[in-house]
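What's in query08.pdb: PDB, C-alpha atoms, pLDDT in the B column
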MODEL        1
ATOM      1  CA  MET A   1       3.819   5.120  -4.658  1.00 92.00           C
ATOM      2  CA  LYS A   2       3.196   4.992  -8.393  1.00 92.00           C
ATOM      3  CA  ASN A   3       6.759   4.196  -9.483  1.00 94.00           C
ATOM      4  CA  VAL A   4       9.302   3.328  -6.796  1.00 94.00           C
ATOM      5  CA  GLU A   5      11.938   2.484  -9.399  1.00 93.00           C
ATOM      6  CA  LYS A   6      11.731   6.000 -10.805  1.00 95.00           C
ATOM      7  CA  TYR A   7      12.063   7.368  -7.268  1.00 96.00           C
ATOM      8  CA  LEU A   8      15.188   5.282  -6.670  1.00 96.00           C
ATOM      9  CA  SER A   9      16.665   6.525  -9.923  1.00 94.00           C
ATOM     10  CA  ARG A  10      15.791  10.111  -8.918  1.00 96.00           C
ATOM     11  CA  ILE A  11      17.812   9.761  -5.696  1.00 96.00           C
ATOM     12  CA  GLY A  12      20.770   8.157  -7.435  1.00 93.00           C
ATOM     13  CA  LEU A  13      20.185   4.486  -6.658  1.00 90.00           C
ATOM     14  CA  ASP A  14      20.428   2.006  -9.505  1.00 77.00           C
ATOM     15  CA  ARG A  15      18.789  -1.371  -8.933  1.00 72.00           C
ATOM     16  CA  GLU A  16      21.274  -2.978 -11.302  1.00 71.00           C
ATOM     17  CA  ASP A  17      24.106  -1.987  -8.970  1.00 65.00           C
ATOM     18  CA  LYS A  18      22.127  -2.803  -5.807  1.00 65.00           C
ATOM     19  CA  PRO A  19      19.236  -5.135  -6.677  1.00 70.00           C
ATOM     20  CA  ALA A  20      18.490  -6.100  -3.061  1.00 78.00           C
ATOM     21  CA  LEU A  21      17.404  -3.482  -0.571  1.00 88.00           C
ATOM     22  CA  PRO A  22      17.029  -5.234   2.806  1.00 91.00           C
ATOM     23  CA  LEU A  23      14.701  -3.553   5.254  1.00 92.00           C
ATOM     24  CA  ASP A  24      17.430  -2.509   7.672  1.00 93.00           C
ATOM     25  CA  ARG A  25      19.021   0.643   9.032  1.00 93.00           C
ATOM     26  CA  ALA A  26      21.701   0.706   6.337  1.00 93.00           C
ATOM     27  CA  THR A  27      19.102   0.848   3.552  1.00 95.00           C
ATOM     28  CA  LEU A  28      17.126   3.504   5.429  1.00 96.00           C
ATOM     29  CA  ALA A  29      20.301   5.588   5.719  1.00 95.00           C
ATOM     30  CA  LEU A  30      21.030   5.071   2.030  1.00 94.00           C
ATOM     31  CA  LEU A  31      17.576   6.293   1.029  1.00 96.00           C
ATOM     32  CA  MET A  32      17.712   9.309   3.349  1.00 96.00           C
ATOM     33  CA  ALA A  33      21.149  10.335   2.114  1.00 94.00           C
ATOM     34  CA  GLY A  34      20.163   9.871  -1.529  1.00 95.00           C
ATOM     35  CA  GLN A  35      16.998  11.944  -1.247  1.00 96.00           C
ATOM     36  CA  SER A  36      18.744  14.675   0.757  1.00 94.00           C
ATOM     37  CA  ARG A  37      21.510  15.023  -1.819  1.00 93.00           C
ATOM     38  CA  CYS A  38      19.492  14.653  -5.019  1.00 96.00           C
ATOM     39  CA  ILE A  39      16.204  16.446  -4.266  1.00 96.00           C
ATOM     40  CA  ALA A  40      16.587  20.048  -3.170  1.00 94.00           C
ATOM     41  CA  PHE A  41      14.916  21.600  -0.186  1.00 94.00           C
ATOM     42  CA  GLU A  42      13.072  24.564  -1.662  1.00 92.00           C
ATOM     43  CA  ASN A  43      10.079  26.727  -0.820  1.00 89.00           C
ATOM     44  CA  ILE A  44       9.722  28.680  -4.061  1.00 91.00           C
ATOM     45  CA  ASP A  45       5.983  27.991  -4.223  1.00 91.00           C
ATOM     46  CA  ILE A  46       5.524  29.583  -0.794  1.00 88.00           C
ATOM     47  CA  VAL A  47       7.365  32.714  -1.929  1.00 89.00           C
ATOM     48  CA  LEU A  48       5.105  32.791  -4.997  1.00 90.00           C
ATOM     49  CA  LYS A  49       2.079  32.436  -2.666  1.00 87.00           C
ATOM     50  CA  LYS A  50       1.040  29.132  -4.201  1.00 90.00           C
ATOM     51  CA  LYS A  51      -0.776  26.501  -2.172  1.00 90.00           C
ATOM     52  CA  ILE A  52       1.237  23.315  -1.683  1.00 94.00           C
ATOM     53  CA  SER A  53      -0.453  19.940  -1.971  1.00 96.00           C
ATOM     54  CA  ILE A  54       0.847  16.962  -0.033  1.00 96.00           C
ATOM     55  CA  SER A  55      -1.416  14.421  -1.674  1.00 97.00           C
ATOM     56  CA  PRO A  56       0.774  11.434  -2.596  1.00 96.00           C
ATOM     57  CA  SER A  57       0.186  11.792  -6.336  1.00 97.00           C
ATOM     58  CA  ASP A  58       0.984  15.522  -6.332  1.00 97.00           C
ATOM     59  CA  VAL A  59       4.129  15.077  -4.250  1.00 97.00           C
ATOM     60  CA  GLU A  60       5.439  12.271  -6.440  1.00 98.00           C
ATOM     61  CA  LYS A  61       4.726  14.233  -9.629  1.00 97.00           C
ATOM     62  CA  LYS A  62       6.439  17.398  -8.387  1.00 97.00           C
ATOM     63  CA  LEU A  63       9.540  15.900  -6.749  1.00 97.00           C
ATOM     64  CA  VAL A  64      10.061  12.835  -8.946  1.00 97.00           C
ATOM     65  CA  ASP A  65       8.406  13.344 -12.343  1.00 97.00           C
ATOM     66  CA  ASP A  66       8.943  17.110 -12.619  1.00 97.00           C
ATOM     67  CA  GLN A  67      12.303  16.939 -10.758  1.00 96.00           C
ATOM     68  CA  ARG A  68      11.452  19.845  -8.490  1.00 96.00           C
ATOM     69  CA  GLY A  69      12.421  20.249  -4.867  1.00 96.00           C
ATOM     70  CA  GLY A  70      10.110  20.714  -1.924  1.00 95.00           C
ATOM     71  CA  TYR A  71       9.839  21.637   1.733  1.00 93.00           C
ATOM     72  CA  CYS A  72       9.485  19.482   4.835  1.00 94.00           C
ATOM     73  CA  TRP A  73       5.916  18.273   4.297  1.00 96.00           C
ATOM     74  CA  GLU A  74       6.654  17.261   0.725  1.00 97.00           C
ATOM     75  CA  HIS A  75      10.047  15.688   1.403  1.00 97.00           C
ATOM     76  CA  ASN A  76       8.958  13.533   4.302  1.00 97.00           C
ATOM     77  CA  THR A  77       5.698  12.594   2.583  1.00 98.00           C
ATOM     78  CA  LEU A  78       7.738  11.354  -0.376  1.00 98.00           C
ATOM     79  CA  LEU A  79      10.144   9.452   1.879  1.00 98.00           C
ATOM     80  CA  ARG A  80       7.236   7.852   3.720  1.00 98.00           C
ATOM     81  CA  MET A  81       5.661   6.718   0.432  1.00 98.00           C
ATOM     82  CA  ALA A  82       8.916   5.145  -0.726  1.00 97.00           C
ATOM     83  CA  LEU A  83       9.628   3.435   2.591  1.00 97.00           C
ATOM     84  CA  GLU A  84       6.140   1.942   2.785  1.00 97.00           C
ATOM     85  CA  GLU A  85       6.331   0.790  -0.829  1.00 96.00           C
ATOM     86  CA  LEU A  86       9.580  -1.025  -0.022  1.00 95.00           C
ATOM     87  CA  GLY A  87       8.028  -2.669   3.051  1.00 95.00           C
ATOM     88  CA  TYR A  88       9.065  -0.522   6.029  1.00 96.00           C
ATOM     89  CA  LYS A  89       6.659   0.238   8.864  1.00 96.00           C
ATOM     90  CA  VAL A  90       6.405   4.001   9.147  1.00 97.00           C
ATOM     91  CA  MET A  91       4.586   6.312  11.560  1.00 97.00           C
ATOM     92  CA  PRO A  92       4.283  10.012  10.667  1.00 97.00           C
ATOM     93  CA  VAL A  93       4.551  12.348  13.650  1.00 97.00           C
ATOM     94  CA  MET A  94       3.650  16.023  14.020  1.00 95.00           C
ATOM     95  CA  CYS A  95       6.433  18.178  15.432  1.00 93.00           C
ATOM     96  CA  ARG A  96       6.759  21.530  17.155  1.00 90.00           C
ATOM     97  CA  VAL A  97       9.843  23.374  15.914  1.00 88.00           C
ATOM     98  CA  ARG A  98      12.067  24.558  18.778  1.00 84.00           C
ATOM     99  CA  TRP A  99      15.144  25.644  16.794  1.00 77.00           C
ATOM    100  CA  GLY A 100      15.612  29.394  17.138  1.00 71.00           C
ATOM    101  CA  GLN A 101      12.556  29.740  19.380  1.00 72.00           C
ATOM    102  CA  ALA A 102      12.337  31.297  22.833  1.00 69.00           C
ATOM    103  CA  ASP A 103      12.338  28.890  25.771  1.00 74.00           C
ATOM    104  CA  ASP A 104       8.722  28.180  26.715  1.00 73.00           C
ATOM    105  CA  SER A 105       9.369  26.069  29.808  1.00 71.00           C
ATOM    106  CA  ASP A 106       7.952  28.794  32.059  1.00 69.00           C
ATOM    107  CA  CYS A 107       4.889  29.370  29.885  1.00 69.00           C
ATOM    108  CA  GLU A 108       1.471  27.834  30.418  1.00 72.00           C
ATOM    109  CA  GLY A 109       1.927  25.819  27.234  1.00 70.00           C
ATOM    110  CA  PRO A 110       4.001  25.515  24.056  1.00 76.00           C
ATOM    111  CA  ASN A 111       4.704  28.664  22.043  1.00 72.00           C
ATOM    112  CA  THR A 112       5.033  26.916  18.672  1.00 77.00           C
ATOM    113  CA  PRO A 113       2.431  24.965  16.659  1.00 79.00           C
ATOM    114  CA  PHE A 114       2.700  21.601  14.941  1.00 86.00           C
ATOM    115  CA  ASP A 115       4.245  22.842  11.701  1.00 89.00           C
ATOM    116  CA  HIS A 116       6.782  20.130  10.890  1.00 93.00           C
ATOM    117  CA  LEU A 117       6.491  16.473   9.883  1.00 96.00           C
ATOM    118  CA  ALA A 118       8.960  13.699  10.717  1.00 96.00           C
ATOM    119  CA  LEU A 119       8.846   9.913  10.510  1.00 98.00           C
ATOM    120  CA  ILE A 120       9.410   7.104  12.989  1.00 97.00           C
ATOM    121  CA  VAL A 121      10.532   3.937  11.227  1.00 97.00           C
ATOM    122  CA  ARG A 122      10.319   0.559  12.956  1.00 95.00           C
ATOM    123  CA  ILE A 123      12.921  -1.991  11.882  1.00 93.00           C
ATOM    124  CA  GLN A 124      13.075  -5.619  12.979  1.00 81.00           C
ATOM    125  CA  THR A 125      16.547  -6.937  13.664  1.00 75.00           C
ATOM    126  CA  PRO A 126      17.455 -10.615  13.304  1.00 66.00           C
ATOM    127  CA  PRO A 127      17.924 -13.133  14.778  1.00 64.00           C
ATOM    128  CA  ASP A 128      15.663 -12.361  17.735  1.00 66.00           C
ATOM    129  CA  GLY A 129      13.171 -10.355  15.689  1.00 63.00           C
ATOM    130  CA  LYS A 130      13.183  -7.441  18.119  1.00 71.00           C
ATOM    131  CA  SER A 131      12.341  -4.070  16.609  1.00 74.00           C
ATOM    132  CA  ASN A 132      14.156  -0.769  16.899  1.00 91.00           C
ATOM    133  CA  CYS A 133      12.687   2.618  16.099  1.00 94.00           C
ATOM    134  CA  PHE A 134      14.520   5.359  14.226  1.00 96.00           C
ATOM    135  CA  LEU A 135      13.714   9.001  13.602  1.00 96.00           C
ATOM    136  CA  ALA A 136      13.894   9.728   9.867  1.00 97.00           C
ATOM    137  CA  ASP A 137      13.748  13.307   8.630  1.00 96.00           C
ATOM    138  CA  VAL A 138      14.902  14.676   5.273  1.00 95.00           C
ATOM    139  CA  GLY A 139      12.965  17.933   5.550  1.00 91.00           C
ATOM    140  CA  PHE A 140      14.480  19.958   8.392  1.00 89.00           C
ATOM    141  CA  ALA A 141      16.873  21.876   6.185  1.00 75.00           C
ATOM    142  CA  GLY A 142      20.291  22.939   7.391  1.00 72.00           C
ATOM    143  CA  THR A 143      20.517  21.432  10.865  1.00 76.00           C
ATOM    144  CA  ASN A 144      19.124  17.910  10.836  1.00 75.00           C
ATOM    145  CA  SER A 145      20.955  14.636  10.409  1.00 81.00           C
ATOM    146  CA  ILE A 146      20.456  12.867   7.074  1.00 83.00           C
ATOM    147  CA  HIS A 147      21.125   9.636   8.976  1.00 90.00           C
ATOM    148  CA  PRO A 148      18.499   7.737  11.011  1.00 95.00           C
ATOM    149  CA  ILE A 149      18.474   8.714  14.691  1.00 94.00           C
ATOM    150  CA  ASN A 150      18.234   5.706  17.012  1.00 93.00           C
ATOM    151  CA  LEU A 151      15.321   6.167  19.409  1.00 93.00           C
ATOM    152  CA  GLY A 152      16.188   3.120  21.493  1.00 88.00           C
ATOM    153  CA  ILE A 153      19.313   4.296  23.320  1.00 87.00           C
ATOM    154  CA  GLY A 154      17.934   6.974  25.609  1.00 86.00           C
ATOM    155  CA  ASP A 155      19.797  10.282  25.726  1.00 88.00           C
ATOM    156  CA  GLU A 156      23.096   8.819  24.526  1.00 92.00           C
ATOM    157  CA  GLN A 157      24.698  11.188  22.019  1.00 92.00           C
ATOM    158  CA  GLN A 158      24.895  10.033  18.404  1.00 93.00           C
ATOM    159  CA  ASP A 159      27.804  11.171  16.261  1.00 92.00           C
ATOM    160  CA  PHE A 160      27.130  11.816  12.563  1.00 90.00           C
ATOM    161  CA  PRO A 161      28.915  13.892   9.899  1.00 85.00           C
ATOM    162  CA  GLU A 162      26.348  16.667  10.460  1.00 86.00           C
ATOM    163  CA  GLY A 163      27.163  16.855  14.180  1.00 88.00           C
ATOM    164  CA  LEU A 164      26.323  15.384  17.566  1.00 91.00           C
ATOM    165  CA  PHE A 165      22.656  14.620  18.223  1.00 93.00           C
ATOM    166  CA  ARG A 166      20.675  13.206  21.115  1.00 94.00           C
ATOM    167  CA  VAL A 167      17.021  12.570  21.979  1.00 93.00           C
ATOM    168  CA  VAL A 168      15.815  13.578  25.441  1.00 90.00           C
ATOM    169  CA  THR A 169      12.540  13.981  27.279  1.00 88.00           C
ATOM    170  CA  SER A 170      10.916  17.312  26.553  1.00 85.00           C
ATOM    171  CA  LYS A 171       9.811  19.783  29.184  1.00 83.00           C
ATOM    172  CA  HIS A 172       6.299  19.194  27.862  1.00 80.00           C
ATOM    173  CA  ASP A 173       4.521  16.052  29.016  1.00 78.00           C
ATOM    174  CA  ASP A 174       4.751  12.983  26.748  1.00 85.00           C
ATOM    175  CA  PHE A 175       7.034  14.704  24.236  1.00 89.00           C
ATOM    176  CA  HIS A 176      10.542  13.880  23.066  1.00 93.00           C
ATOM    177  CA  VAL A 177      12.956  16.432  21.660  1.00 91.00           C
ATOM    178  CA  ILE A 178      15.935  16.027  19.345  1.00 92.00           C
ATOM    179  CA  GLU A 179      18.896  18.240  20.192  1.00 92.00           C
ATOM    180  CA  LEU A 180      22.037  19.297  18.339  1.00 91.00           C
ATOM    181  CA  ARG A 181      25.384  20.096  19.984  1.00 90.00           C
ATOM    182  CA  VAL A 182      26.483  23.582  18.931  1.00 87.00           C
ATOM    183  CA  VAL A 183      29.083  26.180  19.850  1.00 79.00           C
ATOM    184  CA  LYS A 184      27.526  28.463  22.452  1.00 77.00           C
ATOM    185  CA  LYS A 185      29.885  31.372  21.919  1.00 67.00           C
ATOM    186  CA  LYS A 186      32.730  31.392  19.451  1.00 65.00           C
ATOM    187  CA  ASN A 187      36.078  31.629  21.154  1.00 61.00           C
ATOM    188  CA  THR A 188      38.338  34.306  19.685  1.00 61.00           C
ATOM    189  CA  ASP A 189      41.341  33.598  21.910  1.00 58.00           C
ATOM    190  CA  PRO A 190      43.985  31.925  19.680  1.00 59.00           C
ATOM    191  CA  GLU A 191      45.591  30.309  22.725  1.00 57.00           C
ATOM    192  CA  VAL A 192      42.428  28.431  23.686  1.00 50.00           C
ATOM    193  CA  ASP A 193      41.490  25.502  21.468  1.00 53.00           C
ATOM    194  CA  GLU A 194      38.225  24.470  23.106  1.00 60.00           C
ATOM    195  CA  GLN A 195      34.910  26.122  22.320  1.00 66.00           C
ATOM    196  CA  GLU A 196      32.083  26.384  24.847  1.00 78.00           C
ATOM    197  CA  GLN A 197      29.241  24.189  23.629  1.00 84.00           C
ATOM    198  CA  GLU A 198      25.626  23.493  24.518  1.00 87.00           C
ATOM    199  CA  TRP A 199      22.684  21.357  23.422  1.00 89.00           C
ATOM    200  CA  ARG A 200      19.995  23.179  21.470  1.00 88.00           C
ATOM    201  CA  PRO A 201      16.593  21.692  20.591  1.00 89.00           C
ATOM    202  CA  LEU A 202      15.549  21.224  16.959  1.00 92.00           C
ATOM    203  CA  TYR A 203      11.959  20.037  17.402  1.00 92.00           C
ATOM    204  CA  GLU A 204       9.767  17.912  19.652  1.00 92.00           C
ATOM    205  CA  TRP A 205       7.123  15.266  19.053  1.00 94.00           C
ATOM    206  CA  ARG A 206       5.072  12.641  20.823  1.00 92.00           C
ATOM    207  CA  GLU A 207       4.760   9.045  19.721  1.00 91.00           C
ATOM    208  CA  GLU A 208       1.349   9.376  18.170  1.00 93.00           C
ATOM    209  CA  SER A 209       0.565   8.721  14.524  1.00 96.00           C
ATOM    210  CA  ALA A 210      -0.501  11.928  12.788  1.00 96.00           C
ATOM    211  CA  PRO A 211      -3.899  11.569  11.092  1.00 96.00           C
ATOM    212  CA  TRP A 212      -3.965  12.630   7.449  1.00 96.00           C
ATOM    213  CA  VAL A 213      -6.461  15.437   8.133  1.00 96.00           C
ATOM    214  CA  ASP A 214      -4.077  16.971  10.697  1.00 95.00           C
ATOM    215  CA  GLN A 215      -1.192  16.749   8.250  1.00 96.00           C
ATOM    216  CA  GLU A 216      -3.223  18.556   5.603  1.00 95.00           C
ATOM    217  CA  CYS A 217      -4.231  21.322   8.025  1.00 94.00           C
ATOM    218  CA  SER A 218      -0.689  21.848   9.305  1.00 94.00           C
ATOM    219  CA  ASN A 219       0.742  21.848   5.787  1.00 94.00           C
ATOM    220  CA  TRP A 220      -1.819  24.480   4.767  1.00 93.00           C
ATOM    221  CA  TYR A 221      -0.891  26.585   7.801  1.00 90.00           C
ATOM    222  CA  SER A 222       2.834  26.180   7.106  1.00 89.00           C
ATOM    223  CA  CYS A 223       2.623  27.285   3.468  1.00 89.00           C
ATOM    224  CA  THR A 224       0.149  30.159   3.947  1.00 89.00           C
ATOM    225  CA  TYR A 225       0.954  31.757   7.319  1.00 81.00           C
ATOM    226  CA  PRO A 226       2.448  35.214   6.604  1.00 62.00           C
ATOM    227  CA  THR A 227       5.594  34.851   8.733  1.00 65.00           C
ATOM    228  CA  HIS A 228       6.574  31.400   7.443  1.00 53.00           C
TER     229      HIS A 228
ENDMDL
END
Show how you would write the structure in this file as structure tokens.
Amino acid sequence: MKNVEKYLSRIGLDREDKPALPLDRATLALLMAGQSRCIAFENIDIVLKKKISISPSDVEKKLVDDQRGGYCWEHNTLLRMALEELGYKVMPVMCRVRWGQADDSDCEGPNTPFDHLALIVRIQTPPDGKSNCFLADVGFAGTNSIHPINLGIGDEQQDFPEGLFRVVTSKHDDFHVIELRVVKKKNTDPEVDEQEQEWRPLYEWREESAPWVDQECSNWYSCTYPTH
């Protein structure tokens, strides 16, 4: 990243107020929340049929220097750049979006492509030096958590202001899926307080670092495919 201090200022963090940024979950959460609240999710360039570049220099110029917003590939590319500049270990992962998609468990294979990018961040915790992995995503607009999702506690539900989340094994081999607890059918009976709820998948991934060439291809597909 060309100027991490300018990025921190862009997301509302002042080094004078918080000079030390330890490489822990709290700092990761602070960065995710700041970027989510200060840099808009927007896809105006797609509507205008413009190609979107995810080269680091182009992303930093657009979202930081020019103070524009961006979509998932741009947002999570920018977050990755900042995290790595600060010293975090980050693995980008390609994701298949499942939110709002038909169940493909009875199909021969998945019915959605890799058209989303998320990050897995490894954090070492003292005093034993063991590492924990967290899912970090500031680009899945509207339904994702702007807090890090702990990947080391199995399918235990995680309660955040955005809702209840959990990570479970996908129906597809070697994949994990993040799910959100939602109201299945809104109850209109005033005498019944409880609402029927269910877990719905947001997207799935496998723990495999996404090569840059695959990211570029999927970003191109995402910003040019007619129905996106």
Original post:
So which residues get picked by the PyMOL selection byres ((chain A and resi 6) around 12) here, written as number ranges by chain?
Top reply: A: 1-5, 7-15, 60-61, 63-67, 82
**OP:** Give me the result of the PyMOL selection byres ((chain A and resi 140-154) around 7) on this file, residue by residue, as a ChimeraX atom specification.
**Re:** /A:29,32-33,36,41,72,132-139,155-156,162,167-168
Original post:
Which of these residues is nearest to A:Ser209, using all atoms listed in the file: A:Val90, A:Thr77, A:His172, A:Cys38?
Top reply: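 When distances to A:Ser209 are compared using all atoms listed in the file, the smallest one comes from A:Val90.
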Subject >> Best match for closeness to A:His116 among A:Leu28, A:Val93, A:Val47, A:Leu86, counting only C-alpha atoms >> reply: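 Using only C-alpha atoms, the shortest distance to A:His116 belongs to A:Val93.
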Subject >> Counting all atoms listed in the file, the residue of A:Val182, A:Ala40, A:Ile46, A:Met91 that sits nearest A:Val121 >> reply: A:Met91
Subject >> Close residues, A:Leu23 itself excluded, 10 Å, only C-alpha atoms, min 5 positions apart in chain, as a PyMOL selection string >> reply: chain A and resi 28+83+86-89+122-125
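From atom CA of A:Asn43 back to atom CA of A:Arg96, the distance works out to 19.0 Å.
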Subject >> Contacts of stretch 53-59 of chain A within 10 Å, only C-alpha atoms, excl. fewer than 3 positions in-chain, as a ChimeraX atom specification >> reply: /A:1-2,50,62-66,68-70,73-78,80-81,212,215-216,219-220,223
Original post:
So what do you get for atom CA of A:Lys49 versus atom CA of A:Tyr225, distance-wise?
Top reply: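 Going from atom CA of A:Lys49 over to atom CA of A:Tyr225, I get 10.1 Å.
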Subject >> Nearest to A:Tyr221 by atom-to-atom distance, counting only C-alpha atoms, from A:Phe160, A:Gln197, A:Ile52, A:Asp173 >> reply: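 Distance minimum relative to A:Tyr221 lands on A:Ile52.
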